[in-house]
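Report on one structure; see the data block that follows.
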Amino acid sequence: MTDASMPTATGTPERKVKSLTEIDARTAKRNAAEKRFKLYGMAAVVTGLLFLVMLVTAILTNGLPAFKRAVVEVEFTLTQDQFDAAESKLLKTAEYNTLFITALSETLRERGIDREFDAAAVDRLLGSVGGTIRAFYRENPDQIDQPVAFELAASSRVDRYLKGTFGRDDVTEEGNRFFINADFDLVDDMRDAGLIRSAFNWVFLTGVDTGVDNPGGAGIGASVLGSFLMMFVVLILALPIGVAASIYLEEFAPKNRFTDLIEVNISNLAAVPSIVFGILGLAVFIQFMHLPQSAPLVGGLVLTLMTLPTIIISTRASLKAVPPSIRGAALGIGASKMQTVFHHVLPLAMPGILTGTIIGLAQALGETAPLLLIGMVGFVARYPDSFVGGLEGPNSAMPAQIYNWAARSDAVFTEKAWGGIIVLLVFLLAMNLVAILLRRKFERRW
Amino acid sequence: MPILWLTVIVLALAALGYVIGRRRALASGDGRIRNLHSLPSYYGSYVAMMTGVPAISLMLLWLLAQPFWVNSAVLADLPVSAVADGSSSSLVMSDVRRLADGLDRAVAQGVMTEADIDAMGSDLSGIRTRLGNVGVALGSDVSTDILTSAQDYRTKAATGRLVMSILVLAVAIVGFGWAYQRTHKDFRARNVVERGIRYVLIAAACIAILTTIGIVLSLVFNAIAFFRVYPASDFFFSLTWSPSFGGGSELGILPLLWGTFYISIIALLVAVPIGLFSAIYLAEYAGPKVRGVAKPLLEVLAGIPTIVYGLFALLTVGPFLLGIFGPDGVGWMQAGTAVITAGLVMGIMLIPFVSSLSDDIINAVPQALRDGSYGLGATKSETIRQVILPAALPGIVGAILLAASRAIGETMIVVLGAGAAARLDLNPFEAMTTVTAKIVSQLTGDADFSSPEALVAFALGMTLFIVTLGLNVFALYIVRKYREQYE
């Protein structure tokens, strides 16, 4: 206010332009700088979002093919005589193979395509067809003498040929035992005849890991189960411990050195690199306590210790958000401190606590590095036989399985790794959605 | 599953205690609640607590302590001849433990009987395959000494279990009886139960301390073991990293530290400008609608697991950069995995860390500072550059330091994207490796845990822990100090 009353004549620089509506060079420069600065900001946001778009595009374009696979559909009729004749032979599956080849070439001929091919070609394109057919008829003898439409999974190379990631340039003239050049013509013929079509790859979702000789049959099912077992351990340990610790720190702890020590510890643990928790798990749970290696139980314990700080921090925030008047009212009508907390504060804070817990679980679900150290990257080719056996026995987890596939050189496994990422992200998305919905539905403004 | 059964029995006793304790308290008050000191459920809880808590705690402690006792007892009885040349007693003990576990499992699955094992005495040829059938892989053939020790181990373990079961049940019953006898209408059950709950809460809070102690101890003990077999001066000052599991490794940390810092610096060069400008734009310029969409979308980048970024680096960014800088392009790059690949992808991951924290901090700058600046005729960008950023600087530095600590501790991106060669080089298109990547590679092999090649991972881990801890403590200190300034 004093400035306004002072004489303004001295000290003000001479303005070249007298009118306020005209913009002088300096103002124009300043305005341009202003615009530039704003543009930088927008560019930064757009760049960030662009990175997100690129990431999502890369995941979807590379991963979605993993959910599809080529199947060959052939209608096939087996007579009782043929069945008896084949069962009496020494090489039974070879007999079924021959029958299948006859049926396939007949189907092709019906659709106007005449092509010679041998059992080895069928083996390369479709795998062991004879075994599949024999197993089917032995299970369902009533289907004999009736036309049955077989849906046979094509080999991974056929699959990749049809998806466009494998072509004639990739094999030499004489080829190898997996694929020769003539096979492309046969696949083309079958495609023209409408025998090959694309189907949803259930095996990818339900199957187990496979060796390098059968990359097409690898699935993520067993490691999804391993991840679930770990999340179960994390949930039953981290939620009660985290809530108990938060209640103590937020509602009961006196202000003293010991409490400070705990607080400092929690905030530091939240920032310790995850790999250090892996070292802790290896040294304490496996070397020291001799718990089984590669077990979801140990993975769950390590992830529990890792997510506890997250859960404690979010739980304390929700406890703090409950207004003191609630506590005052409960204490005022004679509740003890413990009753106040457990009967009134905790139920009101519960939605927030659950939201924080789900977010902590989602974080634990995607964690890979600690699992590598406790040996959860091994080759696991079967489902556990029981719940306890699943906890103690070796298993993998989704991110570890993805890492495992990414480290193999075969392009089919790379595709599986991207597909596995889609599965993992779907789980994470679902968990975060639940957390958001919980927050929306139960959030209270006091 | 005797432990499961034991737990179930103790819990059942506790549940019974709840019902009986409640009833006895009510009866002592002539069936009227107003005659009691506490609500009847507290008397029940008291009996249940006294039955269950000491018994279960004893069981957990026993389960933790028993392996040590059995181990040392068996080790003391281990014949000298069982330890072959070039082996150590700890290796033999792990063989013994594995064999004992295998035999236990075989017996549990009914593949063998105790009599079978005793009869095996001298003929040990089939034991490996038979145990292989139940899913226990033995490293080497079994010698008589080891079988004897394994049987010794099993007897001692079984005895320990038996004693534990008896003791745990005894403690549960004594607790039950004592609590039951004290249950009376004048007994202040609520106070006692609440004190008990309080101790449980304190114990839960102490797990954070125990975790830290566990981390420090596991790092320190193994690092000391490493420095005993490998000179510390070589570890900290040698310029070569070339582990070979045959022996004669050179394990200098400097190339790894250089790789770590180089990649982190590139990551920060990507993340800090983008993150900071995004934060400024979102906090100062963007309307509520843009902010409501862009901020959560940017934060999605922080929620994506690092394995996804690792794969993105290995299979998308690496080949893309190779196309530009590789032999077909400029010719600077030999392979897709390089410092620049890992740094770029890590930078993308760190954008939301920088932007969210900076956003909070910019929002915390008091509106009065802005109003003052506008009042003097400054434009928005001048206000931001000359008033808001200087005021928020300490907080932003803290945010950057937190992002740096995140970058140093990041594992999956560098394992998949940075390559495996440890070298001291300035070329960002070369493959380099980091402390975290080497921890993974040294501990995931089949190396034996007492070799320097495996133990070095713990010394690396300790270095990593100390560096990130220092950065975090410093960053939190700055951020906290800054916050207090405007509160």
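In the structure tokens, each chain is lettered A, B, ... as it comes, each chain's residues begin at 1, and ligands are numbered from 1 in order of appearance.
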
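Taking only C-alpha atoms, the non-local environment of stretch 122-134 of chain A within 7 Å (same-chain residues fewer than 2 positions away omitted) comprises Thr93, Ala94, Tyr96, Asn97, Asp118, Ala119, Ala120, Phe136, Tyr137, Arg138, Leu152, Ala153, Ala154, Ser155, Val158, Phe178 and Phe179 of chain A.
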
Atoms kept (N, CA and C atoms) for selection, written as a PDB file, in the first residue's frame:
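What landed in part-v2.pdb:
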```
ATOM      1  N   THR A  93       0.066 -97.280 -33.198  1.00  0.00           N
ATOM      2  CA  THR A  93      -0.137 -95.874 -33.556  1.00  0.00           C
ATOM      3  C   THR A  93       0.242 -95.627 -35.007  1.00  0.00           C
ATOM      4  N   ALA A  94       1.252 -96.351 -35.503  1.00  0.00           N
ATOM      5  CA  ALA A  94       1.651 -96.175 -36.904  1.00  0.00           C
ATOM      6  C   ALA A  94       0.481 -96.541 -37.816  1.00  0.00           C
ATOM      7  N   TYR A  96      -2.723 -96.271 -37.096  1.00  0.00           N
ATOM      8  CA  TYR A  96      -3.693 -95.166 -37.065  1.00  0.00           C
ATOM      9  C   TYR A  96      -3.200 -94.009 -37.909  1.00  0.00           C
ATOM     10  N   ASN A  97      -1.883 -93.810 -37.873  1.00  0.00           N
ATOM     11  CA  ASN A  97      -1.283 -92.751 -38.669  1.00  0.00           C
ATOM     12  C   ASN A  97      -1.595 -92.951 -40.146  1.00  0.00           C
ATOM     13  N   ASP A 118       3.871 -88.085 -46.911  1.00  0.00           N
ATOM     14  CA  ASP A 118       4.129 -89.317 -46.163  1.00  0.00           C
ATOM     15  C   ASP A 118       3.891 -89.085 -44.662  1.00  0.00           C
ATOM     16  N   ALA A 119       4.102 -90.146 -43.902  1.00  0.00           N
ATOM     17  CA  ALA A 119       3.853 -90.084 -42.455  1.00  0.00           C
ATOM     18  C   ALA A 119       4.754 -89.069 -41.783  1.00  0.00           C
ATOM     19  N   ALA A 120       5.996 -88.951 -42.292  1.00  0.00           N
ATOM     20  CA  ALA A 120       6.922 -88.013 -41.673  1.00  0.00           C
ATOM     21  C   ALA A 120       6.410 -86.588 -41.785  1.00  0.00           C
ATOM     22  N   PHE A 136      -8.389 -91.584 -28.424  1.00  0.00           N
ATOM     23  CA  PHE A 136      -9.789 -91.184 -28.512  1.00  0.00           C
ATOM     24  C   PHE A 136     -10.698 -92.392 -28.655  1.00  0.00           C
ATOM     25  N   TYR A 137     -10.336 -93.303 -29.603  1.00  0.00           N
ATOM     26  CA  TYR A 137     -11.227 -94.455 -29.839  1.00  0.00           C
ATOM     27  C   TYR A 137     -11.202 -95.441 -28.690  1.00  0.00           C
ATOM     28  N   ARG A 138     -10.108 -95.533 -27.997  1.00  0.00           N
ATOM     29  CA  ARG A 138     -10.089 -96.443 -26.846  1.00  0.00           C
ATOM     30  C   ARG A 138     -10.960 -95.903 -25.728  1.00  0.00           C
ATOM     31  N   LEU A 152      -7.022 -81.210 -34.554  1.00  0.00           N
ATOM     32  CA  LEU A 152      -5.657 -81.525 -34.137  1.00  0.00           C
ATOM     33  C   LEU A 152      -4.819 -80.261 -34.144  1.00  0.00           C
ATOM     34  N   ALA A 153      -4.056 -80.063 -33.054  1.00  0.00           N
ATOM     35  CA  ALA A 153      -3.220 -78.874 -32.968  1.00  0.00           C
ATOM     36  C   ALA A 153      -2.070 -78.993 -33.957  1.00  0.00           C
ATOM     37  N   ALA A 154      -1.889 -77.940 -34.763  1.00  0.00           N
ATOM     38  CA  ALA A 154      -0.763 -77.936 -35.690  1.00  0.00           C
ATOM     39  C   ALA A 154       0.515 -77.629 -34.931  1.00  0.00           C
ATOM     40  N   SER A 155       1.646 -78.035 -35.496  1.00  0.00           N
ATOM     41  CA  SER A 155       2.920 -77.800 -34.807  1.00  0.00           C
ATOM     42  C   SER A 155       3.212 -76.303 -34.770  1.00  0.00           C
ATOM     43  N   VAL A 158       4.055 -74.586 -38.113  1.00  0.00           N
ATOM     44  CA  VAL A 158       2.896 -74.305 -38.952  1.00  0.00           C
ATOM     45  C   VAL A 158       2.176 -73.078 -38.422  1.00  0.00           C
ATOM     46  N   PHE A 178      12.558 -80.757 -38.438  1.00  0.00           N
ATOM     47  CA  PHE A 178      11.336 -80.103 -37.986  1.00  0.00           C
ATOM     48  C   PHE A 178      10.475 -79.622 -39.157  1.00  0.00           C
ATOM     49  N   PHE A 179      11.128 -79.261 -40.257  1.00  0.00           N
ATOM     50  CA  PHE A 179      10.362 -78.681 -41.344  1.00  0.00           C
ATOM     51  C   PHE A 179      11.154 -78.755 -42.631  1.00  0.00           C
TER      52      PHE A 179
END
```

**Study point:** Residue neighbourhood A:Leu229, 9 Å, only C-alpha atoms, exclusion window fewer than 4 positions, as a PyMOL selection string
**Key:** chain A and resi 224-225+233-234+296-297+300+387+390-391

Exercise: B:Asp186 partners within 8 Å, only C-alpha atoms, chain neighbours under 2 positions left out, as a PDB file with N, CA and C atoms, in the first residue's frame:
```pdb
ATOM      1  N   LEU B  36     -20.625 -59.414  36.925  1.00  0.00           N
ATOM      2  CA  LEU B  36     -19.245 -59.694  36.524  1.00  0.00           C
ATOM      3  C   LEU B  36     -18.465 -58.392  36.383  1.00  0.00           C
ATOM      4  N   HIS B  37     -17.138 -58.505  36.514  1.00  0.00           N
ATOM      5  CA  HIS B  37     -16.311 -57.325  36.271  1.00  0.00           C
ATOM      6  C   HIS B  37     -16.279 -56.983  34.796  1.00  0.00           C
ATOM      7  N   HIS B 184     -13.314 -65.974  37.572  1.00  0.00           N
ATOM      8  CA  HIS B 184     -14.254 -65.744  38.661  1.00  0.00           C
ATOM      9  C   HIS B 184     -14.882 -64.392  38.423  1.00  0.00           C
ATOM     10  N   ARG B 188     -10.432 -59.488  36.768  1.00  0.00           N
ATOM     11  CA  ARG B 188     -10.502 -58.393  35.782  1.00  0.00           C
ATOM     12  C   ARG B 188     -10.041 -58.915  34.426  1.00  0.00           C
TER      13      ARG B 188
END
```

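Between chain B and the candidates A:Val423, A:Ile279, A:Ala103, A:Leu433, the tightest atom-to-atom separation, counting only C-alpha atoms, involves A:Ile279.
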
**Study point:** All residues 10 Å or closer to B:Leu321, only C-alpha atoms, same chain fewer than 2 positions away omitted, as a PyMOL selection string
**Key:** chain B and resi 313+316-319+323-326+329+333+335-338+340-341+429

For the residues in the current selection, export N, CA and C atoms as a short mmCIF file (atom, residue, chain, number, x, y, z; two decimals), in the first residue's frame.
```cif
data_model
loop_
_atom_site.label_atom_id
_atom_site.label_comp_id
_atom_site.auth_asym_id
_atom_site.auth_seq_id
_atom_site.Cartn_x
_atom_site.Cartn_y
_atom_site.Cartn_z
N ALA B 313 12.42 -54.00 -23.10
CA ALA B 313 13.79 -53.61 -23.43
C ALA B 313 14.43 -54.66 -24.34
N THR B 316 11.75 -55.27 -27.77
CA THR B 316 11.22 -54.19 -28.59
C THR B 316 12.23 -53.05 -28.74
N VAL B 317 12.65 -52.49 -27.59
CA VAL B 317 13.52 -51.32 -27.65
C VAL B 317 14.91 -51.70 -28.19
N GLY B 318 15.45 -52.83 -27.73
CA GLY B 318 16.77 -53.25 -28.17
C GLY B 318 16.85 -53.41 -29.69
N PRO B 319 15.99 -54.25 -30.29
CA PRO B 319 16.01 -54.38 -31.75
C PRO B 319 15.75 -53.06 -32.47
N GLY B 323 18.32 -51.26 -34.98
CA GLY B 323 18.00 -50.89 -36.35
C GLY B 323 18.54 -49.52 -36.71
N ILE B 324 18.57 -48.61 -35.72
CA ILE B 324 19.05 -47.25 -36.01
C ILE B 324 20.57 -47.17 -35.87
N PHE B 325 21.07 -47.68 -34.73
CA PHE B 325 22.49 -47.50 -34.43
C PHE B 325 23.33 -48.72 -34.77
N GLY B 326 22.69 -49.78 -35.23
CA GLY B 326 23.41 -51.03 -35.45
C GLY B 326 24.17 -51.03 -36.77
N GLY B 329 22.59 -49.40 -39.64
CA GLY B 329 22.37 -47.97 -39.56
C GLY B 329 23.69 -47.24 -39.41
N MET B 333 26.45 -49.79 -32.74
CA MET B 333 25.90 -50.73 -31.76
C MET B 333 26.09 -52.14 -32.29
N ALA B 335 24.91 -55.11 -30.43
CA ALA B 335 23.80 -55.98 -30.03
C ALA B 335 22.70 -55.14 -29.40
N GLY B 336 21.51 -55.71 -29.35
CA GLY B 336 20.37 -54.97 -28.80
C GLY B 336 20.49 -54.68 -27.32
N THR B 337 21.19 -55.55 -26.59
CA THR B 337 21.32 -55.31 -25.15
C THR B 337 22.50 -54.37 -24.92
N ALA B 338 22.21 -53.20 -24.38
CA ALA B 338 23.26 -52.21 -24.16
C ALA B 338 22.83 -51.25 -23.07
N ILE B 340 22.34 -48.12 -23.25
CA ILE B 340 21.31 -47.17 -23.68
C ILE B 340 19.92 -47.81 -23.65
N THR B 341 19.85 -49.10 -24.03
CA THR B 341 18.56 -49.80 -24.01
C THR B 341 17.99 -49.83 -22.59
N PHE B 429 26.56 -47.51 -26.15
CA PHE B 429 26.00 -48.54 -27.02
C PHE B 429 26.62 -49.90 -26.75
#
```

Exercise for review: Going by DSSP on the backbone, which bits of stretch 146-237 of chain A are helix (DSSP H, G or I)? Write them as a ChimeraX atom specification, please.
Suggested key: /A:156-163,168-170,181-192,202-206,215-217,221-237

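Near stretch 367-375 of chain A, within 8 Å and counting only C-alpha atoms, sit A:Ser274, A:Ile275, A:Val276, A:Phe277, A:Gly278, A:Ile279, A:Gly281, A:Leu282, A:Ile286, A:Gln293, A:Ser294, A:Val298, A:Gly299, A:Val302, A:Gln363, A:Pro399, A:Ala400, B:Pro305, B:Thr306, B:Ile307, B:Thr411, B:Met412, B:Val440, B:Leu443, B:Thr444; same-chain residues fewer than 4 positions away were not included.
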
Keeping only C-alpha atoms, take the residues you just selected and write them out as a JSON list (two decimals), in the first residue's frame.
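Result written to result27.json:
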```
[["chain", "number", "residue", "atom", "x", "y", "z"],
["A", 274, "SER", "CA", 13.44, -56.06, -4.00],
["A", 275, "ILE", "CA", 16.53, -58.09, -4.84],
["A", 276, "VAL", "CA", 17.79, -57.52, -1.28],
["A", 277, "PHE", "CA", 14.64, -59.22, -0.01],
["A", 278, "GLY", "CA", 15.57, -62.11, -2.28],
["A", 279, "ILE", "CA", 18.98, -62.31, -0.60],
["A", 281, "GLY", "CA", 14.95, -65.07, 1.71],
["A", 282, "LEU", "CA", 17.85, -67.13, 0.41],
["A", 286, "ILE", "CA", 16.66, -71.52, 2.73],
["A", 293, "GLN", "CA", 13.83, -74.31, -2.36],
["A", 294, "SER", "CA", 11.58, -73.09, -5.18],
["A", 298, "VAL", "CA", 9.13, -69.41, 0.77],
["A", 299, "GLY", "CA", 8.22, -67.08, -2.09],
["A", 302, "VAL", "CA", 9.68, -63.20, 1.10],
["A", 363, "GLN", "CA", 2.73, -55.20, -6.43],
["A", 399, "PRO", "CA", 6.67, -63.36, -13.70],
["A", 400, "ALA", "CA", 9.36, -65.99, -13.18],
["B", 305, "PRO", "CA", 5.78, -54.94, -13.20],
["B", 306, "THR", "CA", 9.46, -54.57, -14.00],
["B", 307, "ILE", "CA", 9.54, -57.90, -15.84],
["B", 411, "THR", "CA", 16.98, -55.70, -11.40],
["B", 412, "MET", "CA", 14.82, -57.16, -14.12],
["B", 440, "VAL", "CA", 21.17, -62.69, -9.79],
["B", 443, "LEU", "CA", 23.21, -66.84, -6.98],
["B", 444, "THR", "CA", 21.08, -68.60, -9.58]]
```

Review point. Of the residues B:Asp371, B:Glu430, B:Asp145, B:Asp101, which is the one nearest to chain A, using only C-alpha atoms?
Key: B:Asp101

Review point. What is the distance between atom CA of A:Gly389 and atom CA of B:Trp62, in Å to one decimal?
Key: 23.0 Å

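With distances restricted to only C-alpha atoms, B:Val467 is the closest residue to chain A from B:Ala342, B:Ile224, B:Val467, B:Leu322.
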
Practice item. For stretch 4-20 of chain B, work out the shell of residues within 10 Å, counting only C-alpha atoms and skipping chain neighbours fewer than 3 positions away, then give it as an MDAnalysis selection string. Key: chainID B and resid 1 23:26 40:53 55:56 59 164:166 168:169 171:173 175:177 179:180 183

Expected file contents, prior selection, N, CA and C atoms, as a short mmCIF file (atom, residue, chain, number, x, y, z; two decimals), in the first residue's frame:
```cif
data_model
loop_
_atom_site.label_atom_id
_atom_site.label_comp_id
_atom_site.auth_asym_id
_atom_site.auth_seq_id
_atom_site.Cartn_x
_atom_site.Cartn_y
_atom_site.Cartn_z
N MET B 1 1.04 -85.41 9.03
CA MET B 1 1.15 -83.97 9.31
C MET B 1 0.95 -83.71 10.80
N ARG B 23 -18.76 -69.78 30.56
CA ARG B 23 -19.84 -70.36 31.35
C ARG B 23 -19.52 -70.27 32.84
N ARG B 24 -18.24 -70.56 33.17
CA ARG B 24 -17.86 -70.56 34.59
C ARG B 24 -17.98 -69.15 35.17
N ALA B 25 -17.57 -68.15 34.38
CA ALA B 25 -17.66 -66.79 34.86
C ALA B 25 -19.11 -66.41 35.12
N LEU B 26 -19.97 -66.77 34.15
CA LEU B 26 -21.39 -66.46 34.31
C LEU B 26 -21.96 -67.15 35.54
N PRO B 40 -18.87 -61.36 29.67
CA PRO B 40 -18.51 -62.79 29.75
C PRO B 40 -17.55 -63.22 28.65
N SER B 41 -17.66 -62.62 27.44
CA SER B 41 -16.78 -63.07 26.35
C SER B 41 -15.31 -62.83 26.72
N TYR B 42 -15.02 -61.84 27.57
CA TYR B 42 -13.63 -61.61 27.95
C TYR B 42 -13.09 -62.74 28.80
N TYR B 43 -13.96 -63.34 29.66
CA TYR B 43 -13.49 -64.48 30.45
C TYR B 43 -13.16 -65.65 29.53
N GLY B 44 -14.07 -65.84 28.55
CA GLY B 44 -13.81 -66.90 27.58
C GLY B 44 -12.53 -66.65 26.82
N SER B 45 -12.35 -65.41 26.34
CA SER B 45 -11.15 -65.09 25.59
C SER B 45 -9.91 -65.28 26.45
N TYR B 46 -10.04 -64.98 27.73
CA TYR B 46 -8.88 -65.13 28.62
C TYR B 46 -8.42 -66.58 28.66
N VAL B 47 -9.37 -67.49 28.86
CA VAL B 47 -8.99 -68.90 28.91
C VAL B 47 -8.42 -69.34 27.56
N ALA B 48 -9.08 -68.92 26.49
CA ALA B 48 -8.60 -69.32 25.16
C ALA B 48 -7.20 -68.79 24.93
N MET B 49 -6.96 -67.55 25.32
CA MET B 49 -5.65 -66.94 25.11
C MET B 49 -4.58 -67.67 25.89
N MET B 50 -4.88 -67.98 27.18
CA MET B 50 -3.88 -68.64 28.01
C MET B 50 -3.62 -70.06 27.52
N THR B 51 -4.61 -70.68 26.86
CA THR B 51 -4.40 -72.02 26.34
C THR B 51 -3.57 -71.98 25.07
N GLY B 52 -3.97 -71.10 24.17
CA GLY B 52 -3.39 -71.15 22.84
C GLY B 52 -2.06 -70.44 22.70
N VAL B 53 -1.96 -69.20 23.18
CA VAL B 53 -0.79 -68.38 22.85
C VAL B 53 0.53 -68.96 23.34
N ALA B 55 1.28 -72.03 24.11
CA ALA B 55 1.56 -73.32 23.47
C ALA B 55 2.05 -73.12 22.04
N ILE B 56 1.34 -72.28 21.30
CA ILE B 56 1.73 -72.06 19.89
C ILE B 56 3.10 -71.37 19.83
N MET B 59 5.68 -73.87 20.34
CA MET B 59 5.84 -74.73 19.18
C MET B 59 6.70 -74.04 18.11
N MET B 164 8.45 -82.29 21.70
CA MET B 164 7.78 -81.02 21.46
C MET B 164 6.26 -81.19 21.60
N SER B 165 5.72 -82.24 20.97
CA SER B 165 4.26 -82.44 21.03
C SER B 165 3.81 -82.54 22.48
N ILE B 166 4.55 -83.35 23.26
CA ILE B 166 4.15 -83.55 24.66
C ILE B 166 4.21 -82.22 25.40
N VAL B 168 4.16 -79.14 24.25
CA VAL B 168 3.18 -78.16 23.79
C VAL B 168 1.81 -78.47 24.37
N LEU B 169 1.44 -79.75 24.33
CA LEU B 169 0.13 -80.12 24.89
C LEU B 169 0.10 -79.84 26.38
N VAL B 171 1.80 -77.59 28.05
CA VAL B 171 1.69 -76.14 28.28
C VAL B 171 0.25 -75.68 28.03
N ALA B 172 -0.36 -76.21 26.96
CA ALA B 172 -1.73 -75.82 26.66
C ALA B 172 -2.66 -76.21 27.80
N ILE B 173 -2.48 -77.43 28.32
CA ILE B 173 -3.39 -77.91 29.36
C ILE B 173 -3.16 -77.14 30.66
N GLY B 175 -1.98 -74.11 30.91
CA GLY B 175 -2.53 -72.77 30.72
C GLY B 175 -4.04 -72.77 30.88
N PHE B 176 -4.64 -73.78 30.27
CA PHE B 176 -6.09 -73.94 30.36
C PHE B 176 -6.53 -74.02 31.82
N GLY B 177 -5.89 -74.94 32.55
CA GLY B 177 -6.29 -75.17 33.94
C GLY B 177 -6.11 -73.93 34.78
N ALA B 179 -5.93 -70.76 33.86
CA ALA B 179 -6.85 -69.70 33.50
C ALA B 179 -8.26 -70.04 33.98
N TYR B 180 -8.63 -71.32 33.85
CA TYR B 180 -9.97 -71.74 34.24
C TYR B 180 -10.17 -71.50 35.73
N THR B 183 -10.78 -67.94 36.63
CA THR B 183 -11.98 -67.31 36.11
C THR B 183 -13.04 -67.20 37.19
#
```

**Study point:** Close residues, A:Ser325 itself excluded, 12 Å, only C-alpha atoms, min 6 positions apart in chain, as a ChimeraX atom specification
**Key:** /A:331-332,340,344-345,446

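In this model, the gap between atom CA of A:Asp169 and atom CA of A:Glu73 comes to 27.2 Å.
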
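Atom to atom, atom CA of A:Ala149 and atom CA of A:Thr77 stand 8.6 Å apart.
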
Review point. DSSP on the backbone: what in stretch 161-311 of chain B comes out strand (DSSP E or B), as JSON, numbers by chain?
Key: {"B": [241, 242, 250, 251]}

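Each of B:Gly292, B:Gly343, B:Val479, B:Thr383 was compared to B:Ala364 using only C-alpha atoms, and B:Val479 turns out to be the nearest.
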